[in-house]
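In what follows, a structure is listed as structure tokens, so that the remarks can point back to it.
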Amino acid sequence: MEIGYIELEGIRLRDDPARDDCFLVVRRDTEMHEYDRDSEAGARETVHRHMSNEITSLDIAAQMLVEFPETPWELRMELARQAWDEARHVAVLHRRLVEMGGYKGEFPIATLEWSITCSLDTIAARLATQNRTFEAGAMDVVKSLARGFSGIGDEETSAVLDGILADEIQHVRFANRWIKRLAEQDRRVLMKVAMAVRFIAEVNSRFAAQDGEVNAVGRTLQDHTKTIPAVNIEDRKLAGFSDEEVEEILRQAGFRSLVPDEPQTGVAP
Amino acid sequence: MNVRDRADAIGTFRFIEVHLMETIARWTPITPQMELKVMFGRHIYDHAQHADWLGKRTFELRQPEHYTRQATPDYLQLLDRMRVSPDVAERLTLLYDVVIPGLMARYERYLAETDRLLDAPSVLVIERILPELKRQVADSLALRDELQIGASDATAMRAREMGIHSVVSA
């Protein structure tokens, strides 16, 4: 059994991976149940959403092992390790969700990251998309969330997210290293990576929320380009982003950054 | 067993471990149950590590690092048949009730046949692998019980597996 392709909004994407019947799988931001995060439902939805994203990351890493058998063994080992890491993240977030009074399938989920990444036909493009873009972006989001949970006194969720973040750094770091190595061997890899980045932007423009749209629980959403999270400079540098790359990401985020945990705390303006 | 025989056996075990890693990886996105995906993630890395340990050992036996030798055609057909199993229950039954117990028996046979002193580095690797395979079988049993996934009839596949004397090609 293979997962095929579908055409959505005029774009060829990979069809959805399998999910438990209890999950409602949606495609657009407006169909998600994003609440204000300081509510109990909002906190549970955040944990549920990240649990779902980790399931998707596990599926993507596994699929790379399947579809690119000629990949150097050292990279396959990294992907296999990533599969285990993502599996642990699913389990720990599920444990936390239950502790918070939630349950699997409580909120809608999306698997668009799978549909985008697994429609690309080279390992470099998939690493650039899943690891270097989505997971690196998650490093920014998760750092902010960990601080947010800590700020409202939920140290347990904060600690879970921080532990996950440490693992994600390695997933982004090995992708950065291998993209560079593969590009040194074949310059066409850079073209594939650039095309992948453009593809992500194109899909996002079709599926992400637009200014003023109201989501399924009545929250008014902003255009996705206005909700870019503050940049987690410290972890992005650990993950192998160069100063120039961090500068460019900062520019896209309106120069909002998260300062390191020590010795300071809090969010920089 | 001489050095070449040992290298060929270890290289064949490596082939099987990589095949199992790829099989479980293939099943991960097409399996709905979250709990099974979580188990698969762990087992993917188990088999990758086993392949890595075995591949490093082949270099010490006058072969390239990660020397890999395709298993006999009848065993490969068995693995391929398992890989394309149509439903979750059959996949779990064939992997955790037939193929992995059979592989454990093959590793045990290697330990019984090799010179445990002369070939101690291979013994060390296999003695690290065996408890992990045993844990995988236990993981699978516990999860199938929790998720109420029954066993499929594996009589024919079990007989087929047991009928393959050696997995090492001539």
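Residue numbering restarts at 1 in every chain; chains get A, B, ... in the order shown in the structure tokens, and ligands count up from 1 in that same order.
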Provide as a PDB file with C-alpha atoms, in the first residue's frame the residues of chain B at most 6 Å from chain A, counting only C-alpha atoms.
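Saved result, out34.pdb, follows:
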ATOM      1  CA  GLU B  22      12.780  -0.149   5.904  1.00  0.00           C
ATOM      2  CA  ALA B  25       9.407   2.671   8.186  1.00  0.00           C
ATOM      3  CA  ARG B  26       7.129   1.811   5.235  1.00  0.00           C
ATOM      4  CA  PRO B  29       2.665   6.461   7.666  1.00  0.00           C
ATOM      5  CA  ILE B  30       0.077   3.892   6.523  1.00  0.00           C
ATOM      6  CA  THR B  31      -0.743   2.676  10.043  1.00  0.00           C
ATOM      7  CA  PRO B  32      -3.525   4.705  11.687  1.00  0.00           C
ATOM      8  CA  GLN B  33      -2.941   3.900  15.354  1.00  0.00           C
ATOM      9  CA  VAL B  38       5.247   5.379  18.445  1.00  0.00           C
ATOM     10  CA  GLY B  41       9.624   4.805  15.692  1.00  0.00           C
ATOM     11  CA  ARG B  42      11.580   3.070  18.432  1.00  0.00           C
ATOM     12  CA  ILE B  44      13.142   1.689  13.318  1.00  0.00           C
ATOM     13  CA  TYR B  45      16.041   3.042  15.342  1.00  0.00           C
TER      14      TYR B  45
END
Handout entry: Residues within 12 Å of Val160 in chain A, only C-alpha atoms, excluding chain neighbours under 5 positions, as a ChimeraX atom specification
Key = /A:47,50-51,88-97,142-143,145-147,149-150,154-155,165-167
Residues as selected, C-alpha atoms, written as an mmCIF file, in the first residue's frame, can you do that?
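Just written: out.cif:
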data_model
loop_
_atom_site.group_PDB
_atom_site.id
_atom_site.type_symbol
_atom_site.label_atom_id
_atom_site.label_comp_id
_atom_site.auth_asym_id
_atom_site.auth_seq_id
_atom_site.Cartn_x
_atom_site.Cartn_y
_atom_site.Cartn_z
ATOM 1 C CA VAL A 47 -0.214 20.451 23.364
ATOM 2 C CA HIS A 50 2.242 19.713 18.840
ATOM 3 C CA MET A 51 1.541 16.044 19.523
ATOM 4 C CA ARG A 88 9.133 9.833 22.071
ATOM 5 C CA HIS A 89 7.815 13.361 21.585
ATOM 6 C CA VAL A 90 4.398 12.014 20.621
ATOM 7 C CA ALA A 91 4.322 9.818 23.713
ATOM 8 C CA VAL A 92 5.449 12.518 26.125
ATOM 9 C CA LEU A 93 3.028 15.107 24.726
ATOM 10 C CA HIS A 94 0.192 12.583 24.884
ATOM 11 C CA ARG A 95 1.092 11.884 28.508
ATOM 12 C CA ARG A 96 1.036 15.615 29.248
ATOM 13 C CA LEU A 97 -2.242 16.098 27.364
ATOM 14 C CA VAL A 142 8.366 26.043 20.932
ATOM 15 C CA LYS A 143 10.834 28.317 22.703
ATOM 16 C CA LEU A 145 5.566 28.488 24.093
ATOM 17 C CA ALA A 146 7.847 27.010 26.754
ATOM 18 C CA ARG A 147 8.322 30.481 28.191
ATOM 19 C CA PHE A 149 3.676 28.087 29.861
ATOM 20 C CA SER A 150 6.321 28.884 32.448
ATOM 21 C CA ASP A 154 2.761 25.497 34.102
ATOM 22 C CA GLU A 155 6.359 24.403 34.592
ATOM 23 C CA LEU A 165 13.356 21.602 21.639
ATOM 24 C CA ALA A 166 16.787 20.211 22.529
ATOM 25 C CA ASP A 167 16.133 17.203 20.280
#
Which residues are close to range 131-148 of chain B, i.e. within 7 Å by only C-alpha atoms, leaving aside same-chain residues fewer than 2 positions away? Reply as a short mmCIF file (atom, residue, chain, number, x, y, z; two decimals) with C-alpha atoms, in the first residue's frame.
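Okay, this is what ended up in result04.cif:
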data_model
loop_
_atom_site.label_atom_id
_atom_site.label_comp_id
_atom_site.auth_asym_id
_atom_site.auth_seq_id
_atom_site.Cartn_x
_atom_site.Cartn_y
_atom_site.Cartn_z
CA TYR B 96 6.71 -9.98 15.81
CA ILE B 100 11.74 -11.67 14.65
CA ARG B 128 23.51 -6.66 22.43
CA ILE B 129 20.95 -7.23 19.67
CA GLY B 150 -5.87 -10.02 17.37
#
Handout entry: Close residues, Ser115 in chain A itself excluded, 6 Å, only C-alpha atoms, min 2 positions apart in chain, as a list in words
Key = Leu13, Arg14, Leu112, Glu113, Thr117 and Cys118 of chain A
Exercise for the section: Write out as number ranges by chain which residues come within 12 Å of Lys192 in chain A when counting only C-alpha atoms, dropping same-chain ones fewer than 3 positions away. Expected result: A: 120-129, 179, 182-183, 186-189, 195-199
Restricting it to C-alpha atoms, dump the selection as a PDB file, in the first residue's frame.
ATOM      1  CA  LEU A 120       9.140  16.641  -3.179  1.00  0.00           C
ATOM      2  CA  ASP A 121      11.338  14.222  -5.091  1.00  0.00           C
ATOM      3  CA  THR A 122      14.818  14.598  -3.572  1.00  0.00           C
ATOM      4  CA  ILE A 123      16.163  13.976  -0.094  1.00  0.00           C
ATOM      5  CA  ALA A 124      17.793  17.430  -0.045  1.00  0.00           C
ATOM      6  CA  ALA A 125      14.483  19.140  -0.835  1.00  0.00           C
ATOM      7  CA  ARG A 126      12.740  17.167   1.906  1.00  0.00           C
ATOM      8  CA  LEU A 127      15.444  17.984   4.454  1.00  0.00           C
ATOM      9  CA  ALA A 128      15.241  21.642   3.438  1.00  0.00           C
ATOM     10  CA  THR A 129      11.476  21.596   3.882  1.00  0.00           C
ATOM     11  CA  ILE A 179      22.345  19.791   2.603  1.00  0.00           C
ATOM     12  CA  LEU A 182      25.108  17.086  -0.813  1.00  0.00           C
ATOM     13  CA  ALA A 183      25.388  20.501  -2.491  1.00  0.00           C
ATOM     14  CA  ASP A 186      26.186  18.256  -6.825  1.00  0.00           C
ATOM     15  CA  ARG A 187      25.427  21.954  -7.288  1.00  0.00           C
ATOM     16  CA  ARG A 188      21.958  21.121  -8.664  1.00  0.00           C
ATOM     17  CA  VAL A 189      20.982  20.315  -5.076  1.00  0.00           C
ATOM     18  CA  MET A 195      12.511  25.311  -5.459  1.00  0.00           C
ATOM     19  CA  ALA A 196      11.383  23.602  -2.259  1.00  0.00           C
ATOM     20  CA  VAL A 197      11.443  26.884  -0.345  1.00  0.00           C
ATOM     21  CA  ARG A 198       9.370  28.572  -3.060  1.00  0.00           C
ATOM     22  CA  PHE A 199       6.959  25.640  -3.033  1.00  0.00           C
TER      23      PHE A 199
END
